[in-house]
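First comes the structure, then the notes that go with it.
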Amino acid sequence: MNKRIDIDLLDSGGDSAYVSERKVYPRDISGRFDRMRRLAVFWLLGMYYLFPWLRWDGRQAVLFDLPARKFHVFGLTFWPQDFSLLAILLIVLAMTLFFATALAGRLWCGYACPQTVWTETFMWIERWTEGDRGKRMKLDAGPWNREKILRKGSKHVLWLLFALWTGFTFVGFFTPITSLAMRLPALDWNGWETFWVLFYSLATWGNAGILREQVCKYMCPYARFQSAMFDRDTLIIAYDPLRGEPRGPRRKGLPSVLERARGLLDIRTAYDYVFRASQHPSAAAARLNAGGTVTLAAAGEEALPLPKFEPDQLGDCIDCTMCVQVCPVGIDIRNGLQYECIACGLCIDACDEVMDKVGMPRGLIRYTTQNALDGQPARILRPRIVVYAILLTVLVSAWTWGVFHRSPLIADVLRDRNALYREHGDRIDNGYTLKLVNKTDVDRSYKVRIEPADRTPLALSGAPLAVKVPAGAVIAHELEVGAPADTVRGRHNLVFIIEAEDGSASVRVDSTFFGPM
C-alpha cells in the first residue's frame with residue numbers, strides 16, 4: 001500500500017493526458033446565418049450598453065439599487081417582497097431555454113449567450129487588426145518583429161478598452177451610471193466600484209479574448225446536459241451523409257447525386273463511410289486537425305481506410321473543409337452531432353456557398369432532425385413541445401398578472417415587546433409600531449383605523465389618523481390602542497386597516513390586544 005504510483009501511466013512514451021488546447025482560427029464567412037448572428041450581436045450589445053443611459057420618470061431606466069433594495073426596470077420597481085415574482089421569472093427563463101432547445105437545438109448558444117456575443121465582437125476586432133484566418137495563422141507562426149508587435153499590441157489595446165467599457169457598463173447597472181461617469185476623471189470611485197469594473201473587465205477580456213470556445217467546451221454545463229433535452233425530432237445542424245458520402249475532390253461539372261443514377265446511399269453505408277473518414281481523414285482534413293467528439297462506433301472499434309472511389313461513385317461533399325475552417329469551436333460537423341457544436345449555422349453558410357460554386361443544390365449541411373436525416377417521419381409538434389408551451393403560457397400569464405396586480409402598499413404592525421400592556425389611570429393601553437412601505441413613485445397619505453374582532457371598546461389614539469409616506473420610502477409610526485380598564489380582560493383580536501386617501505390601496509393587518517388576566 002506504500003508503493004508510489006506514477007502519475008504518467010498512459011504509455012511508454014511518457015505523453016501527458018493533459019495537452020494544451022490548439023488555437024482555433026475561424027475563417028470569416030458571409031451568409032444568412034452569419035447575418036442573423038450579427039443582427040443578434042448588435043441587438044443584444046445595444047441593449048446592454050444603452051439601457052443604463054436611458055431615463056424613465058426622472059431616474060435611470062434600468063437600475064438594480066442594492067443599498068435601497070429596489071430594482072428599477074423602466075416603469076416597474078421591484079422590492080424584496082416581490083421575491084416570488086423573481087422566482088417565477090427564473091422558472092420562466094429556464095422553461096424558455098428548455099422549450100427552445102427541445103424545439104430548435106442550441107439557439108441560445110449560437111445567438112444569445114453572452115460568451116458567444118462578446119467572443120464574436122472580440123473576433124471582429126482580431127480580424128480587423130490581424131486579418132482573416134490565413135494572415136492570423138501566418139502572423140502567429142512568424143517571428144516577433146515590428147509588424148507582429150504592432151498588430152498584436154493594437155488588438156489587445158482595443159480588447160482592453162472594450163473590456164473596460166463592458167465592466168464600466170456592468171457596474172452602471174448597480175450604481176447610477178451618470179454619477180459613475182462624472183466621478184471617473186477625478187478617480188473618485190469607491191473600492192467596490194473599482195473592484196467590480198476591473199474584475200468584470202478582466203473576466204470579459206479573458207473569456208472572450210483568450211478562452212473563447214474553451215468556455216463552451218469545458219466550463220459551461222449546458223453542453224453537457226443538452227442530450228437530456230434533445231430527441232430525434234429536435235432541429236439540429238447536421239451533415240447529410242446519405243448525399244455527401246463518400247467525400248472527395250472531383251472534376252468540375254459532375255452533377256449532384258440527386259441528379260445522377262447513384263442516388264442516396266443507404267444509412268448503414270453512409271455512416272460507415274463517415275466513421276472511417278473520421279478515423280482516416282484526407283490530407284486536407286488532417287491538416288485542420290479538427291477537434292470534437294465522434295460517437296459513431298463503439299469504444300475501441302477500429303476502422304479500415306476508405307478505398308479510392310471513381311468520380312461517379314462520389315457523393316456531393318468535395319472535402320473542401322470549409323465547414324471546419326469557419327467553425328468557431330473547431331469541429332468537423334461531418335462527424336455527426338457533437339456536444340461542442342453551438343449551432344451557430346456558419347458551416348451551413350460555408351457549405352451553401354461551395355455548393356453554389358460547384359453547381360449543386362444547397363442543403364448538404366442544413367437545419368434538420370435526425371429522423372428526417374435518416375429518412376424517417378419527423379414531428380415538430382410532439383408531447384414534450386406541447387407540455388413546455390402550456391407550462392410557459394401559464395407561468396408567463398401568472399408572472400404578468402402578479403406584476404400588474406401587486407399592491408402599491410406594504411404594511412406591517414409590530415406589538416411593543418417591552419410591556420404586554422400599560423395601565424394609565426382607568427385605561428389599559430397597548431403600544432404598536434406601524435411600518436409602511438410606499439412602493440409608488442409619488443408621495444402618499446394613508447388613513448389608519450382599527451376594527452376589534454369582538455365588541456371590546458378598543459380605540460386608536462389620535463383617530464382619525466393620517467400618515468404621510470414619501471415616494472418609495474419606508475417609515476415607522478408609533479401607535480397606541482386603549483380601552484377602559486373595567487371592560488377588557490385577557491387577549492382580544494383586532495385588525496388594523498390602512499387605506500390610501502385616494503383609494504388606490506388598502507391593507508388589513510391582524511394583531512392582538514392584551515389586558516389584565
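A note on labels: chains of the C-alpha cells are A, B, ... as shown, every chain counts residues from 1, and ligands are counted from 1 in their shown order.
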
Contacts of region 23-30 of chain A at 6 Å or less, counting only C-alpha atoms, minus same-chain residues fewer than 3 places along, as JSON, numbers by chain? {"A": [34, 133, 325, 326, 327, 328, 330]}

Restrict the selected residues to C-alpha atoms and save them as a compact mmCIF listing (two decimals), in the first residue's frame.
```
# COMPACT_ATOMS: atom_id res chain seq x y z
CA ASP A 34 -23.95 34.96 -40.26
CA ARG A 133 -7.67 33.20 -40.99
CA GLN A 325 -12.49 26.31 -41.25
CA VAL A 326 -15.43 28.57 -40.37
CA CYS A 327 -16.41 26.69 -37.19
CA PRO A 328 -15.75 28.87 -34.10
CA GLY A 330 -13.05 23.95 -34.49
```

If you run DSSP on the backbone here, which positions in region 268-504 of chain A get helix (DSSP H, G or I)? Please write them as a PyMOL selection string. chain A and resi 268-279+283-288+311-313+322-325+333-335+346-358+370-373+383-404+485-487

For Arg366 (chain A), list every protein, DNA or RNA residue within 6 Å, evaluated using only C-alpha atoms, and leave out those in the same chain fewer than 4 positions away; present the list as a ChimeraX atom specification. /A:237-238,348

Keeping only C-alpha atoms, take the residues you just selected and write them out as a PDB file, in the first residue's frame.
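The resulting file, selection19.pdb, is shown below:
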```pdb
ATOM      1  CA  ILE A 237     -27.431  21.382 -37.709  1.00  0.00           C
ATOM      2  CA  ALA A 238     -26.394  18.222 -39.495  1.00  0.00           C
ATOM      3  CA  ILE A 348     -24.304  25.930 -43.401  1.00  0.00           C
TER       4      ILE A 348
END
```

Just the residues within 7 Å of Val467 (chain A), please, counting only C-alpha atoms, with nothing from its chain fewer than 6 positions along; format it as an MDAnalysis selection string. chainID A and resid 445:447

What does the file look like for those residues with C-alpha atoms, as a CSV table (one decimal), in the first residue's frame?
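Contents of out21.csv, as written:
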```
chain,number,residue,atom,x,y,z
A,445,SER,CA,-51.2,59.7,2.6
A,446,TYR,CA,-52.7,56.8,4.3
A,447,LYS,CA,-55.6,56.6,6.8
```

All residues 6 Å or closer to region 334-347 of chain A, only C-alpha atoms, same chain fewer than 4 positions away omitted, as number ranges by chain: A: 33, 106, 109-110, 217, 223, 239, 293, 323

Write the residues of the selection above to a file with N, CA, C and O atoms, as a compact mmCIF listing (two decimals), in the first residue's frame.
```txt
# COMPACT_ATOMS: atom_id res chain seq x y z
N PHE A 33 -27.12 32.92 -42.03
CA PHE A 33 -26.96 32.67 -40.60
C PHE A 33 -25.93 33.62 -39.99
O PHE A 33 -26.08 34.05 -38.84
N ARG A 106 -29.59 24.26 -29.95
CA ARG A 106 -28.87 25.22 -29.11
C ARG A 106 -28.91 26.64 -29.70
O ARG A 106 -27.86 27.25 -29.96
N CYS A 109 -27.04 29.10 -27.43
CA CYS A 109 -25.58 29.10 -27.54
C CYS A 109 -25.14 29.83 -28.80
O CYS A 109 -24.15 30.56 -28.79
N GLY A 110 -25.83 29.62 -29.89
CA GLY A 110 -25.38 30.16 -31.16
C GLY A 110 -25.64 31.63 -31.36
O GLY A 110 -24.93 32.30 -32.12
N LYS A 217 -16.77 24.53 -24.15
CA LYS A 217 -16.46 23.11 -24.16
C LYS A 217 -16.22 22.53 -22.77
O LYS A 217 -16.58 21.38 -22.49
N ALA A 223 -23.77 22.45 -22.39
CA ALA A 223 -23.43 21.48 -23.43
C ALA A 223 -23.47 20.06 -22.90
O ALA A 223 -23.74 19.12 -23.66
N TYR A 239 -24.93 17.30 -41.13
CA TYR A 239 -24.41 16.97 -42.47
C TYR A 239 -25.17 15.75 -42.96
O TYR A 239 -25.43 14.80 -42.20
N THR A 293 -16.03 15.47 -30.47
CA THR A 293 -16.25 14.10 -30.04
C THR A 293 -16.98 13.34 -31.13
O THR A 293 -17.98 13.82 -31.67
N CYS A 323 -16.38 23.90 -44.04
CA CYS A 323 -17.25 23.82 -42.87
C CYS A 323 -16.43 23.75 -41.59
O CYS A 323 -16.88 24.23 -40.52
```

Within 7 Å of region 165-173 of chain A, counting only C-alpha atoms, which residues qualify if same-chain residues fewer than 2 places away don't, as a PyMOL selection string? chain A and resi 49+52+62-64+161-163+175-177+180+193+196-198+200-201

Output N, CA and C atoms for every residue in the selection just made, as a PDB file, in the first residue's frame.
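Contents of again26.pdb, as written:
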```pdb
ATOM      1  N   TYR A  49     -25.418  48.111 -23.585  1.00  0.00           N
ATOM      2  CA  TYR A  49     -24.685  49.361 -23.426  1.00  0.00           C
ATOM      3  C   TYR A  49     -25.596  50.594 -23.408  1.00  0.00           C
ATOM      4  N   PRO A  52     -28.544  51.387 -19.521  1.00  0.00           N
ATOM      5  CA  PRO A  52     -28.226  52.178 -18.317  1.00  0.00           C
ATOM      6  C   PRO A  52     -28.288  53.688 -18.534  1.00  0.00           C
ATOM      7  N   VAL A  62     -32.997  51.417 -16.061  1.00  0.00           N
ATOM      8  CA  VAL A  62     -32.690  50.089 -15.519  1.00  0.00           C
ATOM      9  C   VAL A  62     -31.609  50.269 -14.462  1.00  0.00           C
ATOM     10  N   LEU A  63     -31.975  50.072 -13.209  1.00  0.00           N
ATOM     11  CA  LEU A  63     -31.039  50.261 -12.106  1.00  0.00           C
ATOM     12  C   LEU A  63     -31.365  49.261 -11.005  1.00  0.00           C
ATOM     13  N   PHE A  64     -30.371  48.455 -10.648  1.00  0.00           N
ATOM     14  CA  PHE A  64     -30.519  47.498  -9.555  1.00  0.00           C
ATOM     15  C   PHE A  64     -29.881  48.127  -8.304  1.00  0.00           C
ATOM     16  N   LEU A 161      -9.759  48.118 -23.998  1.00  0.00           N
ATOM     17  CA  LEU A 161     -10.678  49.257 -23.944  1.00  0.00           C
ATOM     18  C   LEU A 161     -12.126  48.785 -23.993  1.00  0.00           C
ATOM     19  N   PHE A 162     -12.409  47.819 -24.862  1.00  0.00           N
ATOM     20  CA  PHE A 162     -13.773  47.295 -24.960  1.00  0.00           C
ATOM     21  C   PHE A 162     -14.163  46.569 -23.675  1.00  0.00           C
ATOM     22  N   ALA A 163     -13.218  45.837 -23.088  1.00  0.00           N
ATOM     23  CA  ALA A 163     -13.495  45.127 -21.828  1.00  0.00           C
ATOM     24  C   ALA A 163     -13.745  46.117 -20.693  1.00  0.00           C
ATOM     25  N   THR A 175     -24.907  51.046  -9.925  1.00  0.00           N
ATOM     26  CA  THR A 175     -24.645  52.408  -9.451  1.00  0.00           C
ATOM     27  C   THR A 175     -25.096  53.358 -10.546  1.00  0.00           C
ATOM     28  N   PRO A 176     -25.786  54.460 -10.231  1.00  0.00           N
ATOM     29  CA  PRO A 176     -26.207  55.376 -11.298  1.00  0.00           C
ATOM     30  C   PRO A 176     -25.045  55.698 -12.236  1.00  0.00           C
ATOM     31  N   ILE A 177     -25.222  55.367 -13.510  1.00  0.00           N
ATOM     32  CA  ILE A 177     -24.096  55.401 -14.440  1.00  0.00           C
ATOM     33  C   ILE A 177     -23.634  56.822 -14.728  1.00  0.00           C
ATOM     34  N   LEU A 180     -21.377  57.649 -11.972  1.00  0.00           N
ATOM     35  CA  LEU A 180     -20.147  56.884 -12.148  1.00  0.00           C
ATOM     36  C   LEU A 180     -19.254  57.541 -13.191  1.00  0.00           C
ATOM     37  N   GLU A 193     -16.703  49.749  -6.373  1.00  0.00           N
ATOM     38  CA  GLU A 193     -16.930  50.128  -7.772  1.00  0.00           C
ATOM     39  C   GLU A 193     -15.689  49.853  -8.611  1.00  0.00           C
ATOM     40  N   TRP A 196     -15.170  45.946  -9.051  1.00  0.00           N
ATOM     41  CA  TRP A 196     -16.059  45.251  -9.981  1.00  0.00           C
ATOM     42  C   TRP A 196     -15.855  45.692 -11.419  1.00  0.00           C
ATOM     43  N   VAL A 197     -15.493  46.938 -11.645  1.00  0.00           N
ATOM     44  CA  VAL A 197     -15.173  47.356 -13.016  1.00  0.00           C
ATOM     45  C   VAL A 197     -13.964  46.577 -13.523  1.00  0.00           C
ATOM     46  N   LEU A 198     -12.916  46.501 -12.717  1.00  0.00           N
ATOM     47  CA  LEU A 198     -11.706  45.806 -13.140  1.00  0.00           C
ATOM     48  C   LEU A 198     -11.931  44.299 -13.224  1.00  0.00           C
ATOM     49  N   TYR A 200     -14.801  42.615 -13.785  1.00  0.00           N
ATOM     50  CA  TYR A 200     -15.635  42.255 -14.932  1.00  0.00           C
ATOM     51  C   TYR A 200     -14.894  42.520 -16.237  1.00  0.00           C
ATOM     52  N   SER A 201     -14.050  43.542 -16.272  1.00  0.00           N
ATOM     53  CA  SER A 201     -13.245  43.796 -17.462  1.00  0.00           C
ATOM     54  C   SER A 201     -12.274  42.652 -17.709  1.00  0.00           C
TER      55      SER A 201
END
```

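Restricting the calculation to only C-alpha atoms, the smallest distance between Lys152 (chain A) and any of A:Leu139, A:Ile365, A:Val117, A:Leu54 is found for A:Leu139.
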
Please identify the strand (DSSP E or B) residues within region 428-482 of chain A (assignment by DSSP from backbone atoms) and present them as a tab-separated table (two decimals) with all heavy atoms, in the first residue's frame.
```
chain	number	residue	atom	x	y	z
A	428	ILE	N	-56.40	50.88	29.89
A	428	ILE	CA	-55.36	49.91	29.54
A	428	ILE	C	-54.91	50.22	28.11
A	428	ILE	O	-55.74	50.29	27.20
A	428	ILE	CB	-55.88	48.46	29.62
A	428	ILE	CG1	-56.36	48.14	31.04
A	428	ILE	CG2	-54.81	47.48	29.16
A	428	ILE	CD1	-55.26	48.18	32.07
A	429	ASP	N	-53.60	50.41	27.93
A	429	ASP	CA	-53.06	50.74	26.61
A	429	ASP	C	-52.08	49.67	26.14
A	429	ASP	O	-51.36	49.07	26.95
A	429	ASP	CB	-52.34	52.09	26.64
A	429	ASP	CG	-53.29	53.24	26.91
A	429	ASP	OD1	-54.47	53.12	26.54
A	429	ASP	OD2	-52.84	54.24	27.53
A	430	ASN	N	-52.06	49.45	24.84
A	430	ASN	CA	-51.06	48.61	24.16
A	430	ASN	C	-50.34	49.45	23.12
A	430	ASN	O	-50.97	50.27	22.41
A	430	ASN	CB	-51.71	47.41	23.45
A	430	ASN	CG	-52.11	46.29	24.40
A	430	ASN	OD1	-52.39	45.19	23.98
A	430	ASN	ND2	-52.16	46.57	25.71
A	431	GLY	N	-49.00	49.27	23.03
A	431	GLY	CA	-48.22	50.01	22.05
A	431	GLY	C	-47.91	49.16	20.81
A	431	GLY	O	-47.69	47.94	20.90
A	432	TYR	N	-47.90	49.80	19.66
A	432	TYR	CA	-47.62	49.13	18.39
A	432	TYR	C	-46.70	50.02	17.54
A	432	TYR	O	-46.67	51.25	17.71
A	432	TYR	CB	-48.89	48.86	17.60
A	432	TYR	CG	-49.94	48.05	18.34
A	432	TYR	CD1	-50.84	48.66	19.21
A	432	TYR	CD2	-50.03	46.68	18.17
A	432	TYR	CE1	-51.80	47.94	19.89
A	432	TYR	CE2	-50.99	45.94	18.84
A	432	TYR	CZ	-51.87	46.57	19.70
A	432	TYR	OH	-52.82	45.83	20.37
A	433	THR	N	-45.99	49.40	16.63
A	433	THR	CA	-45.20	50.11	15.63
A	433	THR	C	-45.74	49.75	14.25
A	433	THR	O	-45.76	48.57	13.87
A	433	THR	CB	-43.71	49.76	15.70
A	433	THR	OG1	-43.20	50.09	17.00
A	433	THR	CG2	-42.92	50.52	14.64
A	434	LEU	N	-46.21	50.76	13.54
A	434	LEU	CA	-46.75	50.57	12.20
A	434	LEU	C	-45.64	50.87	11.18
A	434	LEU	O	-45.07	51.96	11.17
A	434	LEU	CB	-47.94	51.51	11.96
A	434	LEU	CG	-48.49	51.56	10.53
A	434	LEU	CD1	-49.09	50.23	10.12
A	434	LEU	CD2	-49.52	52.68	10.40
A	435	LYS	N	-45.33	49.89	10.34
A	435	LYS	CA	-44.35	50.08	9.28
A	435	LYS	C	-45.07	50.12	7.93
A	435	LYS	O	-45.82	49.19	7.61
A	435	LYS	CB	-43.31	48.96	9.28
A	435	LYS	CG	-42.33	49.04	10.44
A	435	LYS	CD	-41.16	48.08	10.27
A	435	LYS	CE	-40.14	48.29	11.37
A	435	LYS	NZ	-38.96	47.40	11.20
A	436	LEU	N	-44.84	51.20	7.19
A	436	LEU	CA	-45.47	51.37	5.89
A	436	LEU	C	-44.41	51.53	4.81
A	436	LEU	O	-43.41	52.24	5.00
A	436	LEU	CB	-46.37	52.62	5.90
A	436	LEU	CG	-47.59	52.58	6.83
A	436	LEU	CD1	-48.34	53.91	6.76
A	436	LEU	CD2	-48.51	51.42	6.48
A	437	VAL	N	-44.64	50.87	3.68
A	437	VAL	CA	-43.75	50.98	2.52
A	437	VAL	C	-44.59	51.50	1.35
A	437	VAL	O	-45.54	50.84	0.91
A	437	VAL	CB	-43.13	49.62	2.13
A	437	VAL	CG1	-42.21	49.78	0.92
A	437	VAL	CG2	-42.37	49.03	3.31
A	438	ASN	N	-44.24	52.69	0.89
A	438	ASN	CA	-44.92	53.27	-0.28
A	438	ASN	C	-44.15	52.85	-1.53
A	438	ASN	O	-43.06	53.37	-1.81
A	438	ASN	CB	-44.95	54.79	-0.14
A	438	ASN	CG	-45.59	55.46	-1.35
A	438	ASN	OD1	-46.18	54.80	-2.21
A	438	ASN	ND2	-45.48	56.78	-1.42
A	444	ARG	N	-47.64	59.60	-0.79
A	444	ARG	CA	-48.99	59.12	-0.47
A	444	ARG	C	-49.33	59.44	0.97
A	444	ARG	O	-48.45	59.51	1.85
A	444	ARG	CB	-49.08	57.61	-0.68
A	444	ARG	CG	-48.86	57.14	-2.10
A	444	ARG	CD	-50.05	57.43	-2.99
A	444	ARG	NE	-49.89	56.81	-4.30
A	444	ARG	CZ	-50.72	57.00	-5.31
A	444	ARG	NH1	-51.76	57.79	-5.14
A	444	ARG	NH2	-50.51	56.42	-6.47
A	445	SER	N	-50.65	59.58	1.22
A	445	SER	CA	-51.16	59.75	2.57
A	445	SER	C	-52.12	58.59	2.85
A	445	SER	O	-52.98	58.28	2.02
A	445	SER	CB	-51.89	61.08	2.73
A	445	SER	OG	-52.37	61.25	4.05
A	446	TYR	N	-51.95	57.95	4.02
A	446	TYR	CA	-52.73	56.76	4.33
A	446	TYR	C	-53.53	56.98	5.62
A	446	TYR	O	-53.01	57.56	6.60
A	446	TYR	CB	-51.82	55.54	4.50
A	446	TYR	CG	-51.03	55.22	3.25
A	446	TYR	CD1	-49.71	55.64	3.12
A	446	TYR	CD2	-51.60	54.50	2.21
A	446	TYR	CE1	-48.98	55.36	1.98
A	446	TYR	CE2	-50.88	54.21	1.06
A	446	TYR	CZ	-49.57	54.64	0.95
A	446	TYR	OH	-48.85	54.36	-0.18
A	447	LYS	N	-54.79	56.54	5.61
A	447	LYS	CA	-55.65	56.60	6.80
A	447	LYS	C	-55.53	55.28	7.55
A	447	LYS	O	-55.55	54.20	6.94
A	447	LYS	CB	-57.10	56.85	6.39
A	447	LYS	CG	-57.32	58.20	5.73
A	447	LYS	CD	-58.78	58.41	5.37
A	447	LYS	CE	-59.23	57.42	4.29
A	447	LYS	NZ	-60.63	57.68	3.86
A	448	VAL	N	-55.45	55.37	8.87
A	448	VAL	CA	-55.29	54.19	9.71
A	448	VAL	C	-56.47	54.12	10.68
A	448	VAL	O	-56.80	55.11	11.35
A	448	VAL	CB	-53.96	54.24	10.50
A	448	VAL	CG1	-53.78	52.96	11.32
A	448	VAL	CG2	-52.78	54.43	9.56
A	449	ARG	N	-57.10	52.96	10.76
A	449	ARG	CA	-58.17	52.73	11.72
A	449	ARG	C	-58.13	51.28	12.17
A	449	ARG	O	-57.38	50.47	11.59
A	449	ARG	CB	-59.55	53.05	11.11
A	449	ARG	CG	-59.90	52.26	9.87
A	449	ARG	CD	-61.18	52.78	9.23
A	449	ARG	NE	-61.50	52.08	8.01
A	449	ARG	CZ	-62.25	50.98	7.94
A	449	ARG	NH1	-62.77	50.46	9.07
A	449	ARG	NH2	-62.53	50.41	6.79
A	450	ILE	N	-58.91	50.95	13.20
A	450	ILE	CA	-58.91	49.58	13.73
A	450	ILE	C	-60.33	49.05	13.76
A	450	ILE	O	-61.31	49.81	13.80
A	450	ILE	CB	-58.29	49.51	15.14
A	450	ILE	CG1	-59.12	50.33	16.12
A	450	ILE	CG2	-56.83	49.95	15.11
A	450	ILE	CD1	-58.69	50.11	17.57
A	451	GLU	N	-60.40	47.72	13.73
A	451	GLU	CA	-61.68	47.01	13.88
A	451	GLU	C	-61.49	45.89	14.88
A	451	GLU	O	-60.79	44.91	14.59
A	451	GLU	CB	-62.14	46.43	12.54
A	451	GLU	CG	-62.73	47.44	11.58
A	451	GLU	CD	-63.30	46.75	10.34
A	451	GLU	OE1	-63.19	45.48	10.27
A	451	GLU	OE2	-63.81	47.44	9.46
A	452	PRO	N	-62.06	46.00	16.10
A	452	PRO	CA	-61.97	44.88	17.05
A	452	PRO	C	-62.74	43.68	16.53
A	452	PRO	O	-63.79	43.81	15.87
A	452	PRO	CB	-62.60	45.45	18.32
A	452	PRO	CG	-62.57	46.94	18.14
A	452	PRO	CD	-62.72	47.17	16.67
A	459	ALA	N	-59.99	51.60	21.15
A	459	ALA	CA	-59.93	52.87	20.43
A	459	ALA	C	-58.49	53.18	20.06
A	459	ALA	O	-57.57	52.98	20.86
A	459	ALA	CB	-60.53	53.99	21.26
A	460	LEU	N	-58.28	53.69	18.84
A	460	LEU	CA	-56.96	54.10	18.37
A	460	LEU	C	-56.71	55.54	18.77
A	460	LEU	O	-57.51	56.44	18.46
A	460	LEU	CB	-56.88	53.96	16.85
A	460	LEU	CG	-55.59	54.43	16.17
A	460	LEU	CD1	-54.40	53.56	16.60
A	460	LEU	CD2	-55.74	54.38	14.64
A	465	LEU	N	-56.57	58.96	12.12
A	465	LEU	CA	-55.13	59.11	11.98
A	465	LEU	C	-54.74	59.05	10.50
A	465	LEU	O	-55.18	58.17	9.77
A	465	LEU	CB	-54.43	57.98	12.75
A	465	LEU	CG	-52.91	58.02	12.79
A	465	LEU	CD1	-52.42	59.27	13.51
A	465	LEU	CD2	-52.37	56.77	13.49
A	466	ALA	N	-53.93	60.01	10.08
A	466	ALA	CA	-53.41	60.03	8.70
A	466	ALA	C	-51.88	60.03	8.76
A	466	ALA	O	-51.29	60.80	9.52
A	466	ALA	CB	-53.90	61.26	7.94
A	467	VAL	N	-51.25	59.17	7.97
A	467	VAL	CA	-49.80	59.03	7.94
A	467	VAL	C	-49.31	59.31	6.53
A	467	VAL	O	-49.80	58.70	5.57
A	467	VAL	CB	-49.36	57.62	8.38
A	467	VAL	CG1	-47.84	57.51	8.35
A	467	VAL	CG2	-49.91	57.29	9.75
A	468	LYS	N	-48.38	60.24	6.40
A	468	LYS	CA	-47.81	60.56	5.09
A	468	LYS	C	-46.51	59.80	4.89
A	468	LYS	O	-45.65	59.76	5.77
A	468	LYS	CB	-47.57	62.07	4.98
A	468	LYS	CG	-48.84	62.90	4.95
A	468	LYS	CD	-48.53	64.38	4.73
A	468	LYS	CE	-49.82	65.20	4.66
A	468	LYS	NZ	-49.54	66.65	4.42
A	469	VAL	N	-46.39	59.20	3.68
A	469	VAL	CA	-45.19	58.41	3.34
A	469	VAL	C	-44.65	58.94	2.01
A	469	VAL	O	-45.37	58.95	1.01
A	469	VAL	CB	-45.52	56.91	3.22
A	469	VAL	CG1	-44.24	56.12	2.97
A	469	VAL	CG2	-46.23	56.41	4.46
A	474	VAL	N	-39.80	54.01	3.29
A	474	VAL	CA	-40.24	53.11	4.36
A	474	VAL	C	-40.24	53.91	5.65
A	474	VAL	O	-39.21	54.50	6.02
A	474	VAL	CB	-39.31	51.89	4.49
A	474	VAL	CG1	-39.79	50.97	5.60
A	474	VAL	CG2	-39.21	51.14	3.17
A	475	ILE	N	-41.38	53.98	6.33
A	475	ILE	CA	-41.45	54.75	7.58
A	475	ILE	C	-42.01	53.86	8.70
A	475	ILE	O	-42.71	52.87	8.44
A	475	ILE	CB	-42.32	56.02	7.41
A	475	ILE	CG1	-43.79	55.66	7.11
A	475	ILE	CG2	-41.77	56.91	6.32
A	475	ILE	CD1	-44.71	55.81	8.27
A	476	ALA	N	-41.67	54.24	9.93
A	476	ALA	CA	-42.19	53.57	11.12
A	476	ALA	C	-42.95	54.60	11.95
A	476	ALA	O	-42.43	55.69	12.23
A	476	ALA	CB	-41.07	52.95	11.94
A	477	HIS	N	-44.17	54.26	12.36
A	477	HIS	CA	-45.03	55.20	13.10
A	477	HIS	C	-45.55	54.50	14.35
A	477	HIS	O	-46.07	53.38	14.29
A	477	HIS	CB	-46.20	55.63	12.22
A	477	HIS	CG	-46.98	56.77	12.78
A	477	HIS	ND1	-46.62	58.09	12.65
A	477	HIS	CD2	-48.13	56.77	13.53
A	477	HIS	CE1	-47.50	58.85	13.26
A	477	HIS	NE2	-48.43	58.08	13.80
A	478	GLU	N	-45.37	55.17	15.49
A	478	GLU	CA	-45.82	54.60	16.76
A	478	GLU	C	-47.33	54.79	16.91
A	478	GLU	O	-47.86	55.88	16.68
A	478	GLU	CB	-45.10	55.27	17.93
A	478	GLU	CG	-43.59	55.13	17.91
A	478	GLU	CD	-43.14	53.67	17.98
A	478	GLU	OE1	-43.84	52.88	18.65
A	478	GLU	OE2	-42.12	53.33	17.37
A	479	LEU	N	-48.02	53.72	17.31
A	479	LEU	CA	-49.47	53.74	17.53
A	479	LEU	C	-49.79	53.28	18.96
A	479	LEU	O	-49.00	52.54	19.57
A	479	LEU	CB	-50.18	52.81	16.53
A	479	LEU	CG	-50.00	53.10	15.04
A	479	LEU	CD1	-50.75	52.04	14.23
A	479	LEU	CD2	-50.51	54.49	14.69
A	480	GLU	N	-50.93	53.71	19.42
A	480	GLU	CA	-51.38	53.30	20.75
A	480	GLU	C	-52.87	53.01	20.69
A	480	GLU	O	-53.64	53.81	20.16
A	480	GLU	CB	-51.08	54.38	21.79
A	480	GLU	CG	-51.22	53.91	23.23
A	480	GLU	CD	-50.75	54.94	24.22
A	480	GLU	OE1	-51.57	55.83	24.56
A	480	GLU	OE2	-49.57	54.88	24.63
A	481	VAL	N	-53.24	51.84	21.20
A	481	VAL	CA	-54.64	51.43	21.25
A	481	VAL	C	-55.01	51.22	22.73
A	481	VAL	O	-54.25	50.58	23.47
A	481	VAL	CB	-54.87	50.13	20.45
A	481	VAL	CG1	-56.33	49.67	20.59
A	481	VAL	CG2	-54.51	50.34	18.99
A	482	GLY	N	-56.16	51.78	23.14
A	482	GLY	CA	-56.56	51.68	24.53
A	482	GLY	C	-58.03	51.32	24.71
A	482	GLY	O	-58.81	51.35	23.75
```

For region 266-270 of chain A: contacts at 12 Å, only C-alpha atoms, fewer than 4 positions along chain excluded, given as a PyMOL selection string: chain A and resi 239-247+262+274-277+296-297+306+314-315+334-336+370-376

For C-alpha atoms, I'd like the residues from the last selection saved as a CSV table (one decimal), in the first residue's frame.
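Written file, part.csv:
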```
chain,number,residue,atom,x,y,z
A,239,TYR,CA,-24.4,17.0,-42.5
A,240,ASP,CA,-26.3,14.7,-44.8
A,241,PRO,CA,-24.0,11.6,-45.2
A,242,LEU,CA,-26.5,9.8,-47.5
A,243,ARG,CA,-26.0,12.5,-50.0
A,244,GLY,CA,-22.4,13.6,-49.2
A,245,GLU,CA,-20.5,10.4,-48.9
A,246,PRO,CA,-18.1,9.2,-50.0
A,247,ARG,CA,-16.4,12.6,-49.9
A,262,ARG,CA,-26.2,6.8,-58.0
A,274,VAL,CA,-18.3,8.9,-42.1
A,275,PHE,CA,-16.7,6.9,-39.3
A,276,ARG,CA,-13.9,5.6,-41.5
A,277,ALA,CA,-13.3,9.1,-42.8
A,296,LEU,CA,-20.3,6.8,-34.4
A,297,ALA,CA,-19.0,3.5,-33.2
A,306,LEU,CA,-11.6,4.2,-47.4
A,314,LEU,CA,-18.5,10.1,-55.1
A,315,GLY,CA,-21.1,12.0,-53.1
A,334,ARG,CA,-19.5,15.9,-40.9
A,335,ASN,CA,-18.6,13.6,-38.0
A,336,GLY,CA,-22.1,14.0,-36.7
A,370,GLN,CA,-32.2,13.2,-37.0
A,371,ASN,CA,-35.4,11.4,-38.1
A,372,ALA,CA,-35.6,13.4,-41.3
A,373,LEU,CA,-31.9,12.9,-42.0
A,374,ASP,CA,-32.4,9.1,-41.8
A,375,GLY,CA,-35.5,9.2,-44.0
A,376,GLN,CA,-38.0,8.7,-41.1
```
